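Enquirer: If you scroll down you'll find the structure; I have some questions about it.
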Amino acid sequence: MELESNHHSVFLLHYRLVLVVKYRRKVFDDIVSARAREIFEYIAPKYGITVEEWNHDMDHVHVLFRAQPKSELSKFINAYKSASSRLLKQEFPQIRQKLWKEYFWSRSFCLLTTGGAPIEVVRRYIENQGRR
């Protein structure tokens with residue numbers, strides 16, 4: 001377990017994020033998920049965020065990421081949801097047929113700290129998402 005640091009602090013902040021497609025529409029496959037991850041990884045550094053694990057089921061994504069104390073998590077999540085919704089619908093027009101109106105993501109999200117479980121347990125859980 002290697003700690004991170006900046007000018008004012010030493011930290012190790014892991015979070016688990018679950019984002020669900022509005023009305024649990026089944027829009028994710030490996031290709032759409034990979035693009036969604038690329039978008040996440042493009043936006044993340046601006047907020048001091050680093051992806052550790054990413055996986056999906058057909059109607060949601062799970063992300064394990066590290067953040068910094070200064071990271072504004074809700075601003076980042078909203079920026080990601082907005083950008084990914086626009087880009088995914090643009091790049092994968094077939095997704096629009098599965099959505100209700102123009103909504104991609106559910107308004108809510110689940111964000112958990114991972115301090116309660118060993119990080120490897122969380123990592124294995126995310127790695128196995130979408131498998132039966």
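We name chains A, B, ... following the order of the structure tokens; residues begin at 1 in each chain, and ligands are numbered from 1 as shown.
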Which residues are close to Ile31 in chain A, i.e. within 12 Å by only C-alpha atoms, leaving aside same-chain residues fewer than 4 positions away? Reply as number ranges by chain.
Expert: A: 27, 35-38, 55-56, 58, 88, 91-92
Enquirer: Any chance you could export the current selection's C-alpha atoms as an mmCIF file, in the first residue's frame?
Expert:
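Printed below is result-v7.cif as written:
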```cif
data_model
loop_
_atom_site.group_PDB
_atom_site.id
_atom_site.type_symbol
_atom_site.label_atom_id
_atom_site.label_comp_id
_atom_site.auth_asym_id
_atom_site.auth_seq_id
_atom_site.Cartn_x
_atom_site.Cartn_y
_atom_site.Cartn_z
ATOM 1 C CA VAL A 27 -26.721 -0.313 -23.601
ATOM 2 C CA ARG A 35 -15.175 4.119 -24.926
ATOM 3 C CA ALA A 36 -16.903 5.177 -21.689
ATOM 4 C CA ARG A 37 -13.685 4.345 -19.842
ATOM 5 C CA GLU A 38 -11.596 6.379 -22.327
ATOM 6 C CA ASN A 55 -15.996 -2.979 -15.618
ATOM 7 C CA HIS A 56 -19.594 -3.054 -16.721
ATOM 8 C CA MET A 58 -25.321 -4.329 -19.533
ATOM 9 C CA LEU A 88 -21.654 7.918 -26.424
ATOM 10 C CA GLU A 91 -20.647 7.838 -31.503
ATOM 11 C CA PHE A 92 -23.053 4.921 -31.039
#
```
Enquirer: If you run DSSP on the backbone here, which positions in range 31-131 of chain A get strand (DSSP E or B)? Please write them as a PDB file with C-alpha atoms, in the first residue's frame.
Expert:
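Printed below is part.pdb as written:
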```pdb
ATOM      1  CA  THR A  50      -6.893   7.966 -11.431  1.00  0.00           C
ATOM      2  CA  VAL A  51      -8.800   4.868 -12.598  1.00  0.00           C
ATOM      3  CA  GLU A  52      -7.703   1.602 -11.015  1.00  0.00           C
ATOM      4  CA  GLU A  53     -10.392  -0.803 -12.268  1.00  0.00           C
ATOM      5  CA  TRP A  54     -13.335  -0.508 -14.636  1.00  0.00           C
ATOM      6  CA  ASN A  55     -15.996  -2.979 -15.618  1.00  0.00           C
ATOM      7  CA  HIS A  56     -19.594  -3.054 -16.721  1.00  0.00           C
ATOM      8  CA  ASP A  57     -22.760  -5.035 -16.831  1.00  0.00           C
ATOM      9  CA  HIS A  60     -24.314  -0.031 -15.358  1.00  0.00           C
ATOM     10  CA  VAL A  61     -20.595   0.515 -14.835  1.00  0.00           C
ATOM     11  CA  HIS A  62     -18.396  -0.027 -11.796  1.00  0.00           C
ATOM     12  CA  VAL A  63     -15.266   2.042 -11.307  1.00  0.00           C
ATOM     13  CA  LEU A  64     -12.563   1.788  -8.680  1.00  0.00           C
ATOM     14  CA  PHE A  65     -10.530   4.983  -8.589  1.00  0.00           C
ATOM     15  CA  ARG A  66      -8.076   6.967  -6.499  1.00  0.00           C
ATOM     16  CA  ALA A  67      -8.594  10.633  -5.714  1.00  0.00           C
ATOM     17  CA  TRP A 105     -27.489   8.132 -17.041  1.00  0.00           C
ATOM     18  CA  CYS A 110     -23.493   5.405  -5.853  1.00  0.00           C
ATOM     19  CA  LEU A 111     -20.123   6.514  -4.470  1.00  0.00           C
ATOM     20  CA  LEU A 112     -18.517   4.500  -1.689  1.00  0.00           C
ATOM     21  CA  THR A 113     -15.224   4.714   0.094  1.00  0.00           C
TER      22      THR A 113
END
```
Enquirer: Would you mind telling me which residue in A:Phe109, A:Tyr42, A:Tyr47, A:Phe104 lies nearest to Val18 in chain A when using only C-alpha atoms?
Expert: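 Between A:Phe109, A:Tyr42, A:Tyr47, A:Phe104, the residue approaching Val18 in chain A most closely is A:Phe109.
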Enquirer: With only C-alpha atoms as the counted atoms, please give the residues lying no more than 9 Å from Ile39 in chain A, apart from itself and same-chain residues fewer than 5 positions off, as a JSON list (two decimals) with C-alpha atoms, in the first residue's frame.
Expert:
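Listed below is the output, selection.json:
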```json
[["chain", "number", "residue", "atom", "x", "y", "z"],
["A", 34, "ALA", "CA", -14.21, 0.76, -23.41],
["A", 44, "ALA", "CA", -10.18, 12.33, -14.56],
["A", 80, "TYR", "CA", -18.21, 12.87, -16.70],
["A", 83, "ALA", "CA", -19.64, 14.44, -21.51],
["A", 84, "SER", "CA", -20.02, 10.66, -21.75],
["A", 87, "LEU", "CA", -20.31, 11.46, -26.80]]
```
Enquirer: Give me, please, the distance in Å between CA of Ser33 in chain A and CA of Asp59 in chain A, quoted to one decimal.
Expert: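 A separation of 10.4 Å between them.
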Enquirer: Using the chain letters and numbers from this document, which residues of range 18-75 of chain A does DSSP assign to alpha helix (DSSP H), as a tab-separated table (two decimals) with C-alpha atoms, in the first residue's frame?
Expert:
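part_15.tsv, freshly written:
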```
chain	number	residue	atom	x	y	z
A	30	ASP	CA	-17.39	-4.27	-24.33
A	31	ILE	CA	-16.96	-1.63	-27.05
A	32	VAL	CA	-19.28	0.98	-25.50
A	33	SER	CA	-17.76	0.30	-22.07
A	34	ALA	CA	-14.21	0.76	-23.41
A	35	ARG	CA	-15.17	4.12	-24.93
A	36	ALA	CA	-16.90	5.18	-21.69
A	37	ARG	CA	-13.68	4.35	-19.84
A	38	GLU	CA	-11.60	6.38	-22.33
A	39	ILE	CA	-13.81	9.40	-21.67
A	40	PHE	CA	-13.50	8.86	-17.89
A	41	GLU	CA	-9.71	8.63	-18.14
A	42	TYR	CA	-9.55	11.78	-20.28
A	43	ILE	CA	-11.52	13.90	-17.78
A	73	LEU	CA	-15.94	14.32	-6.68
A	74	SER	CA	-19.50	15.43	-7.38
A	75	LYS	CA	-18.31	18.02	-9.92
```
Enquirer: Pick from A:Ser85, A:Pro93, A:Thr114, A:Phe76: nearest to Leu12 in chain A, with only C-alpha atoms counted?
Expert: A:Thr114
